[in-house]
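Report on the structure given below.
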Amino acid sequence: MSSPAISIDDLAYRYDRSEALHGLSLTVQPGECYGFFGRTGAGKTTTIKCLLNLLRPTRGAVRVFGMDPARQEAEVKARLAYVPDFVAFYPWMSVRDSLDYQASFRSHWNRDLERSLLEQLQLDPNLPTTGLSKGQRTQLALIGAIAAEPDLLVLDEPTSGLDPLVRREFIQTIIGAYQDAAPGQRTVFVSTHLITEFEGLIDRFTVVDQGRAVLTATADDARGRFRRIRAEFEGALPEDSEFRQARSIRRRGRTLELVVNGEGESLMEYLRTRGPASLEIESLTLEEIFLHTVQPGTTP
Amino acid sequence: MRIQVQFQSGVPVYLQIVQQVKSAAAGGTLRPGESLPSVRTLAEELRINRNTVARAYTELESDGVIETRQGSGCFLKANGESPLSKSVRQERLLAGIDALIVEAHHFGITDVELKRLLADRLTQNRSQSASH
């Protein structure tokens, strides 16, 4: 079997004053679209910096296509493209110059793909990079990353700073264009706290919270397990103590709302025996699953 | 045929596509030889990953529902071309029937009512596919 695109084993990183990562592990298989979900400060960017050899792990190991980024930095960087959450360009360059400059570092560059993305995103190649909005800067960086057609695309908060209305459309276009030429082989590792627009795109994800992986699952499995059950009763509602397996219990008038992680079916069966007036079950969205998994605290 | 996916149904997304194509084929809204949307088109329309559509089509192909013609896309196969043996096909069908029986029991539907519903449905489907 080929090496995983990314493998992170027991990764710890300590900054001067605090530890940002405490034993994080995850594996990304080639071809996956992998979500790395966490609040600001959860350790996402620190992890990515370790992958790129911008930081040396305090403990543990990171491998990209089986290679150690600290020892084979050039080989690792040739196979991936990284788009940070804040992108800087040389101020004297136009969009065109900037793409040519990026292309000069690459052994491969797809001009047709570059042109079609510039058109789709309506980015004028003659614009000076100093005149670009935050969203346009991200677009330019992403076009550069994708035109190089790397085996692995690493995105750090690609949609933050974009208009919520265009975020979803935009990320669909970008990831779709990247996967098009070789579906099933192009790997995406995307770190984000804005999960809604990735709902249909993510194959598998890890939720990182306070430097630890608190949940790793495929999107389908997670949606199959994390479910919301609503039961309406005409008489008195059942007691909370009857639902020990529920992650959360809410009462709203005659309605009982339970969130479960697994055991949804057995709970449904039990509720049916209590004679509810209505009974419904639905899966949580990835965003809701994320919010249920991280420790309560500041909103993401 | 219009494919729709619901993330909150709890059914894996690729499986929703598989099931909808199969039921469109059984109901006659998708006919033998008719083409399915390309992976790219369907992924964009449903706003999902290309991998997911590709996985659904692979499964439909291995179940003998569709066939891929190099360079021209995916097409619905004619009936009875399943590569699975009859016993395997029956076994899969029985699993579905068992699930249906359990569900009917939970809804308080008697065996007689269930048989009648099934018979009605078969008649309806036949007349629908005949009119297509």
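We name chains A, B, ... following the order of the structure tokens; residues begin at 1 in each chain, and ligands are numbered from 1 as shown.
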
- Counting only C-alpha atoms, chain A residues within 6 Å of chain B, as a ChimeraX atom specification: /A:184,200-201,220,223-224,282-283

- Check the DSSP output for the backbone and give back, as an NGL selection string, the residues of segment 57-89 of chain A in helix (DSSP H, G or I). :A and (73-79)

- Mind checking DSSP for segment 187-229 of chain A and telling me the strand (DSSP E or B) residues as a PyMOL selection string? chain A and resi 187-192+204-209+212-218+226-229

If you keep N, CA and C atoms, can you produce a file of those selected residues as an mmCIF file, in the first residue's frame?
```
data_model
loop_
_atom_site.group_PDB
_atom_site.id
_atom_site.type_symbol
_atom_site.label_atom_id
_atom_site.label_comp_id
_atom_site.auth_asym_id
_atom_site.auth_seq_id
_atom_site.Cartn_x
_atom_site.Cartn_y
_atom_site.Cartn_z
ATOM 1 N N THR A 187 -5.433 14.962 -2.941
ATOM 2 C CA THR A 187 -5.719 15.010 -1.513
ATOM 3 C C THR A 187 -5.843 16.454 -1.034
ATOM 4 N N VAL A 188 -6.868 16.713 -0.232
ATOM 5 C CA VAL A 188 -7.051 18.049 0.337
ATOM 6 C C VAL A 188 -7.038 17.928 1.851
ATOM 7 N N PHE A 189 -6.268 18.782 2.502
ATOM 8 C CA PHE A 189 -6.269 18.855 3.962
ATOM 9 C C PHE A 189 -6.643 20.292 4.297
ATOM 10 N N VAL A 190 -7.844 20.455 4.826
ATOM 11 C CA VAL A 190 -8.337 21.816 5.019
ATOM 12 C C VAL A 190 -8.646 22.076 6.486
ATOM 13 N N SER A 191 -7.993 23.107 7.014
ATOM 14 C CA SER A 191 -8.222 23.492 8.395
ATOM 15 C C SER A 191 -9.227 24.634 8.426
ATOM 16 N N THR A 192 -10.240 24.507 9.252
ATOM 17 C CA THR A 192 -11.252 25.564 9.275
ATOM 18 C C THR A 192 -12.092 25.534 10.547
ATOM 19 N N ARG A 204 -13.592 12.816 5.378
ATOM 20 C CA ARG A 204 -13.245 12.419 6.732
ATOM 21 C C ARG A 204 -12.743 13.664 7.460
ATOM 22 N N PHE A 205 -12.859 13.674 8.780
ATOM 23 C CA PHE A 205 -12.383 14.856 9.503
ATOM 24 C C PHE A 205 -11.886 14.496 10.895
ATOM 25 N N THR A 206 -11.105 15.409 11.438
ATOM 26 C CA THR A 206 -10.686 15.332 12.837
ATOM 27 C C THR A 206 -11.081 16.646 13.492
ATOM 28 N N VAL A 207 -11.680 16.548 14.659
ATOM 29 C CA VAL A 207 -11.937 17.752 15.449
ATOM 30 C C VAL A 207 -10.796 17.864 16.445
ATOM 31 N N VAL A 208 -10.125 19.007 16.426
ATOM 32 C CA VAL A 208 -9.042 19.239 17.379
ATOM 33 C C VAL A 208 -9.521 20.277 18.388
ATOM 34 N N ASP A 209 -9.281 19.979 19.658
ATOM 35 C CA ASP A 209 -9.691 20.905 20.704
ATOM 36 C C ASP A 209 -8.597 20.929 21.762
ATOM 37 N N ARG A 212 -5.692 18.524 21.209
ATOM 38 C CA ARG A 212 -5.924 17.076 21.131
ATOM 39 C C ARG A 212 -6.980 16.779 20.090
ATOM 40 N N ALA A 213 -6.840 15.581 19.470
ATOM 41 C CA ALA A 213 -7.887 15.128 18.545
ATOM 42 C C ALA A 213 -9.016 14.557 19.378
ATOM 43 N N VAL A 214 -10.186 15.166 19.326
ATOM 44 C CA VAL A 214 -11.292 14.679 20.153
ATOM 45 C C VAL A 214 -12.297 13.846 19.356
ATOM 46 N N LEU A 215 -12.238 13.931 18.035
ATOM 47 C CA LEU A 215 -13.117 13.087 17.218
ATOM 48 C C LEU A 215 -12.519 12.952 15.823
ATOM 49 N N THR A 216 -12.419 11.707 15.348
ATOM 50 C CA THR A 216 -12.030 11.452 13.968
ATOM 51 C C THR A 216 -13.049 10.485 13.392
ATOM 52 N N ALA A 217 -13.627 10.843 12.246
ATOM 53 C CA ALA A 217 -14.662 9.987 11.653
ATOM 54 C C ALA A 217 -14.840 10.366 10.190
ATOM 55 N N THR A 218 -15.474 9.479 9.411
ATOM 56 C CA THR A 218 -15.899 9.905 8.085
ATOM 57 C C THR A 218 -17.159 10.756 8.293
ATOM 58 N N PHE A 226 -24.353 10.858 15.156
ATOM 59 C CA PHE A 226 -24.834 12.033 15.895
ATOM 60 C C PHE A 226 -26.221 12.406 15.379
ATOM 61 N N ARG A 227 -27.232 12.161 16.219
ATOM 62 C CA ARG A 227 -28.597 12.374 15.745
ATOM 63 C C ARG A 227 -29.402 13.167 16.767
ATOM 64 N N ARG A 228 -30.358 13.897 16.247
ATOM 65 C CA ARG A 228 -31.258 14.657 17.099
ATOM 66 C C ARG A 228 -32.634 14.006 17.039
ATOM 67 N N ILE A 229 -33.166 13.697 18.210
ATOM 68 C CA ILE A 229 -34.486 13.068 18.273
ATOM 69 C C ILE A 229 -35.448 14.054 18.917
#
```

- Task: List the neighbours of segment 116-125 of chain B out to 9 Å using only C-alpha atoms; skip same-chain residues closer than 5 positions along the sequence, and give me the result as a ChimeraX atom specification.
- Result: /B:26-28,111,130

Per-residue nearest contacts segment 121-186 of chain A to segment 23-38 of chain A, cut-off 10 Å, using only C-alpha atoms, as CSV:
```
residue,atom,partner,partner_atom,distance
A:Asp151,CA,A:Pro30,CA,8.1
A:Leu152,CA,A:Pro30,CA,8.1
A:Leu153,CA,A:Cys33,CA,9.4
A:Val154,CA,A:Tyr34,CA,9.7
A:Leu155,CA,A:Phe36,CA,9.7
A:Asp156,CA,A:Phe36,CA,9.1
A:Glu157,CA,A:Phe37,CA,9.7
A:Ile175,CA,A:Cys33,CA,8.8
A:Gln179,CA,A:Gly31,CA,8.6
A:Ala182,CA,A:Gly31,CA,9.0
A:Pro183,CA,A:Gly31,CA,7.3
A:Gly184,CA,A:Gly31,CA,4.5
A:Gln185,CA,A:Gly31,CA,4.0
A:Arg186,CA,A:Gly31,CA,4.6
```

Could you write those residues out with C-alpha atoms, as a PDB file, in the first residue's frame?
```pdb
ATOM      1  CA  ASP A 151      -0.621  15.718  -4.887  1.00  0.00           C
ATOM      2  CA  LEU A 152      -1.641  17.442  -1.685  1.00  0.00           C
ATOM      3  CA  LEU A 153      -3.365  20.759  -1.106  1.00  0.00           C
ATOM      4  CA  VAL A 154      -3.076  22.185   2.410  1.00  0.00           C
ATOM      5  CA  LEU A 155      -5.495  25.010   3.167  1.00  0.00           C
ATOM      6  CA  ASP A 156      -5.527  26.992   6.387  1.00  0.00           C
ATOM      7  CA  GLU A 157      -8.873  28.756   6.926  1.00  0.00           C
ATOM      8  CA  ILE A 175     -11.816  21.957  -4.693  1.00  0.00           C
ATOM      9  CA  GLN A 179      -9.995  17.171  -8.090  1.00  0.00           C
ATOM     10  CA  ALA A 182      -7.450  13.133 -11.241  1.00  0.00           C
ATOM     11  CA  PRO A 183     -10.456  12.340  -9.086  1.00  0.00           C
ATOM     12  CA  GLY A 184      -9.663   9.942  -6.272  1.00  0.00           C
ATOM     13  CA  GLN A 185      -5.991  10.904  -6.214  1.00  0.00           C
ATOM     14  CA  ARG A 186      -5.932  14.555  -5.258  1.00  0.00           C
TER      15      ARG A 186
END
```

- Message: For segment 53-66 of chain A, find every residue with an atom within 7 Å (counting only C-alpha atoms), except residues of its own chain fewer than 4 positions away, and show them as a count of residues only.
- Response: 16

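Going from atom CA of Ser248 of chain A to atom CA of Val260 of chain A covers 7.3 Å.
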
- Message: With only C-alpha atoms as the counted atoms, please give the residues lying no more than 12 Å from segment 88-103 of chain B, apart from itself and same-chain residues fewer than 6 positions off, as a ChimeraX atom specification.
- Response: /A:265,269 /B:63-64,80-82,109-115,117-118
